[in-house]
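A.B. asks: Supplied in structure tokens, the structure appears directly below.
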Amino acid sequence: MKKPKIQTVCGFGCGSSLMLRMNVEAIAKKHNVEIEAFCGDVGTCCANDCDVIFISKELAQRIQDRAKVPIVEFNNFMNKQEVEEKTLAYFQTLN
């Protein structure tokens, strides 16, 4: 499996996207999946080189017509169960 490049996105690229990135990295480590993750902001995320964008449902509406990679939408970045379920579901698409 190719090492996916995951961009976690929030409004400014340094708050909730950092929390989401750390949670996604922990989930990947727990399940022995090698990833590269980095934070981005909603204004420039579509120009960044990545394989997928992890973003809140509200902000996803702002990039849906510009994104050239799949988008994984979250209702709540702080809901660890939702983050794990959606992250693992994304990992399943890589096989």
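Going through the structure tokens in order, the chains are called A, B, and so on, while each chain numbers its residues from 1 and the ligands are numbered from 1 in the order shown.
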Going by DSSP on the backbone, which bits of chain A are alpha helix (DSSP H)? Write them as a PyMOL selection string, please.
C.D. replies: chain A and resi 16-30+57-63+80-92
A.B. asks: Generate a file of the selected residues that holds N, CA, C and O atoms, formatted as a CSV table (one decimal), in the first residue's frame.
C.D. replies:
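Contents of again02.csv, freshly written:
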chain,number,residue,atom,x,y,z
A,16,SER,N,-7.8,23.4,15.2
A,16,SER,CA,-8.5,22.0,15.2
A,16,SER,C,-7.9,21.1,14.2
A,16,SER,O,-7.9,19.9,14.4
A,17,SER,N,-7.3,21.6,13.2
A,17,SER,CA,-6.6,20.7,12.2
A,17,SER,C,-5.4,20.0,12.8
A,17,SER,O,-5.1,18.9,12.5
A,18,LEU,N,-4.8,20.7,13.7
A,18,LEU,CA,-3.6,20.1,14.5
A,18,LEU,C,-4.1,18.9,15.4
A,18,LEU,O,-3.5,17.9,15.4
A,19,MET,N,-5.2,19.2,16.1
A,19,MET,CA,-5.8,18.1,16.9
A,19,MET,C,-6.2,16.9,16.1
A,19,MET,O,-6.0,15.8,16.4
A,20,LEU,N,-6.9,17.2,14.9
A,20,LEU,CA,-7.3,16.1,14.1
A,20,LEU,C,-6.1,15.4,13.5
A,20,LEU,O,-6.1,14.1,13.5
A,21,ARG,N,-5.0,16.1,13.1
A,21,ARG,CA,-3.8,15.4,12.6
A,21,ARG,C,-3.2,14.5,13.6
A,21,ARG,O,-2.9,13.4,13.3
A,22,MET,N,-3.1,15.0,14.9
A,22,MET,CA,-2.6,14.1,15.9
A,22,MET,C,-3.4,12.9,16.2
A,22,MET,O,-2.9,11.8,16.4
A,23,ASN,N,-4.7,13.0,16.1
A,23,ASN,CA,-5.6,11.9,16.3
A,23,ASN,C,-5.5,10.9,15.2
A,23,ASN,O,-5.5,9.7,15.4
A,24,VAL,N,-5.4,11.4,13.9
A,24,VAL,CA,-5.3,10.5,12.8
A,24,VAL,C,-3.9,9.8,12.8
A,24,VAL,O,-3.9,8.6,12.5
A,25,GLU,N,-2.9,10.5,13.2
A,25,GLU,CA,-1.6,9.8,13.3
A,25,GLU,C,-1.6,8.7,14.4
A,25,GLU,O,-1.0,7.7,14.2
A,26,ALA,N,-2.3,9.0,15.5
A,26,ALA,CA,-2.4,8.0,16.6
A,26,ALA,C,-3.2,6.8,16.1
A,26,ALA,O,-2.8,5.6,16.4
A,27,ILE,N,-4.2,7.0,15.3
A,27,ILE,CA,-5.0,5.9,14.8
A,27,ILE,C,-4.2,5.1,13.8
A,27,ILE,O,-4.2,3.8,13.8
A,28,ALA,N,-3.5,5.7,13.0
A,28,ALA,CA,-2.6,5.1,12.0
A,28,ALA,C,-1.6,4.2,12.7
A,28,ALA,O,-1.4,3.0,12.3
A,29,LYS,N,-1.0,4.8,13.7
A,29,LYS,CA,0.1,4.0,14.5
A,29,LYS,C,-0.6,2.8,15.1
A,29,LYS,O,0.0,1.7,15.1
A,30,LYS,N,-1.7,3.0,15.8
A,30,LYS,CA,-2.4,1.9,16.5
A,30,LYS,C,-2.8,0.7,15.5
A,30,LYS,O,-2.7,-0.4,15.9
A,57,LYS,N,-17.5,19.2,8.2
A,57,LYS,CA,-18.6,19.2,7.3
A,57,LYS,C,-18.9,20.6,6.8
A,57,LYS,O,-19.2,20.9,5.6
A,58,GLU,N,-18.9,21.6,7.7
A,58,GLU,CA,-19.2,23.0,7.4
A,58,GLU,C,-18.2,23.5,6.4
A,58,GLU,O,-18.6,24.2,5.4
A,59,LEU,N,-16.9,23.3,6.6
A,59,LEU,CA,-15.9,23.8,5.7
A,59,LEU,C,-15.8,23.1,4.4
A,59,LEU,O,-15.4,23.6,3.4
A,60,ALA,N,-16.2,21.8,4.4
A,60,ALA,CA,-16.1,21.0,3.1
A,60,ALA,C,-17.0,21.7,2.0
A,60,ALA,O,-16.6,21.6,0.9
A,61,GLN,N,-18.1,22.3,2.4
A,61,GLN,CA,-18.9,23.0,1.4
A,61,GLN,C,-18.1,24.0,0.6
A,61,GLN,O,-18.4,24.3,-0.5
A,62,ARG,N,-17.1,24.6,1.3
A,62,ARG,CA,-16.3,25.7,0.6
A,62,ARG,C,-15.3,25.2,-0.4
A,62,ARG,O,-14.8,25.9,-1.2
A,63,ILE,N,-15.0,23.9,-0.3
A,63,ILE,CA,-13.9,23.4,-1.2
A,63,ILE,C,-14.4,22.3,-2.2
A,63,ILE,O,-13.7,21.8,-3.0
A,80,LYS,N,-13.7,11.1,19.1
A,80,LYS,CA,-12.7,10.2,18.8
A,80,LYS,C,-13.3,9.0,18.0
A,80,LYS,O,-12.6,8.4,17.1
A,81,GLN,N,-14.5,8.5,18.4
A,81,GLN,CA,-15.1,7.4,17.7
A,81,GLN,C,-15.3,7.7,16.2
A,81,GLN,O,-15.0,6.9,15.3
A,82,GLU,N,-15.9,8.9,16.0
A,82,GLU,CA,-16.2,9.3,14.6
A,82,GLU,C,-14.8,9.4,13.8
A,82,GLU,O,-14.7,8.9,12.7
A,83,VAL,N,-13.8,10.0,14.4
A,83,VAL,CA,-12.5,10.2,13.7
A,83,VAL,C,-11.9,8.8,13.4
A,83,VAL,O,-11.5,8.6,12.3
A,84,GLU,N,-12.0,7.9,14.4
A,84,GLU,CA,-11.4,6.6,14.1
A,84,GLU,C,-12.2,5.8,13.0
A,84,GLU,O,-11.6,5.2,12.1
A,85,GLU,N,-13.5,5.9,13.1
A,85,GLU,CA,-14.3,5.2,12.1
A,85,GLU,C,-14.1,5.7,10.7
A,85,GLU,O,-13.9,4.9,9.8
A,86,LYS,N,-14.1,7.0,10.5
A,86,LYS,CA,-13.9,7.5,9.2
A,86,LYS,C,-12.5,7.4,8.7
A,86,LYS,O,-12.2,7.2,7.5
A,87,THR,N,-11.5,7.5,9.6
A,87,THR,CA,-10.1,7.3,9.2
A,87,THR,C,-9.9,5.8,8.8
A,87,THR,O,-9.3,5.6,7.7
A,88,LEU,N,-10.4,4.9,9.5
A,88,LEU,CA,-10.3,3.5,9.2
A,88,LEU,C,-11.0,3.1,7.9
A,88,LEU,O,-10.5,2.4,7.1
A,89,ALA,N,-12.2,3.8,7.7
A,89,ALA,CA,-12.9,3.6,6.4
A,89,ALA,C,-12.1,4.1,5.2
A,89,ALA,O,-12.0,3.5,4.2
A,90,TYR,N,-11.4,5.2,5.4
A,90,TYR,CA,-10.5,5.7,4.4
A,90,TYR,C,-9.3,4.7,4.1
A,90,TYR,O,-9.0,4.4,3.0
A,91,PHE,N,-8.7,4.2,5.2
A,91,PHE,CA,-7.7,3.3,5.0
A,91,PHE,C,-8.1,2.0,4.2
A,91,PHE,O,-7.4,1.5,3.4
A,92,GLN,N,-9.4,1.6,4.4
A,92,GLN,CA,-9.9,0.5,3.7
A,92,GLN,C,-9.9,0.7,2.2
A,92,GLN,O,-9.8,-0.2,1.4
A.B. asks: Quick one: pull the distance between atom CA of A:Asn75 and atom CA of A:Ser56, Å, one decimal.
C.D. replies: 6.0 Å
A.B. asks: Have a look at A:Met78, A:Val72, A:Gln7, A:Leu94 and name the one nearest to A:Ala47; count only C-alpha atoms.
C.D. replies: A:Gln7
A.B. asks: For atom CA of A:Asp49 and atom CA of A:Ile71, determine how far apart the two atoms are, in Å to one decimal place.
C.D. replies: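 Atom-to-atom, atom CA of A:Asp49 and atom CA of A:Ile71 are spaced 13.5 Å apart.
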A.B. asks: Got a sec to tell me which of chain A DSSP assigns to strand (DSSP E), as a list of chain:residue names?
C.D. replies: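 So the strand (DSSP E) residues in chain A would be A:Lys5, A:Ile6, A:Gln7, A:Thr8, A:Val9, A:Cys10, A:Glu36, A:Ala37, A:Phe38, A:Cys39, A:Gly40, A:Asp41, A:Val52, A:Ile53, A:Phe54, A:Ile55, A:Ser56, A:Ile71, A:Val72, A:Glu73, A:Phe74.
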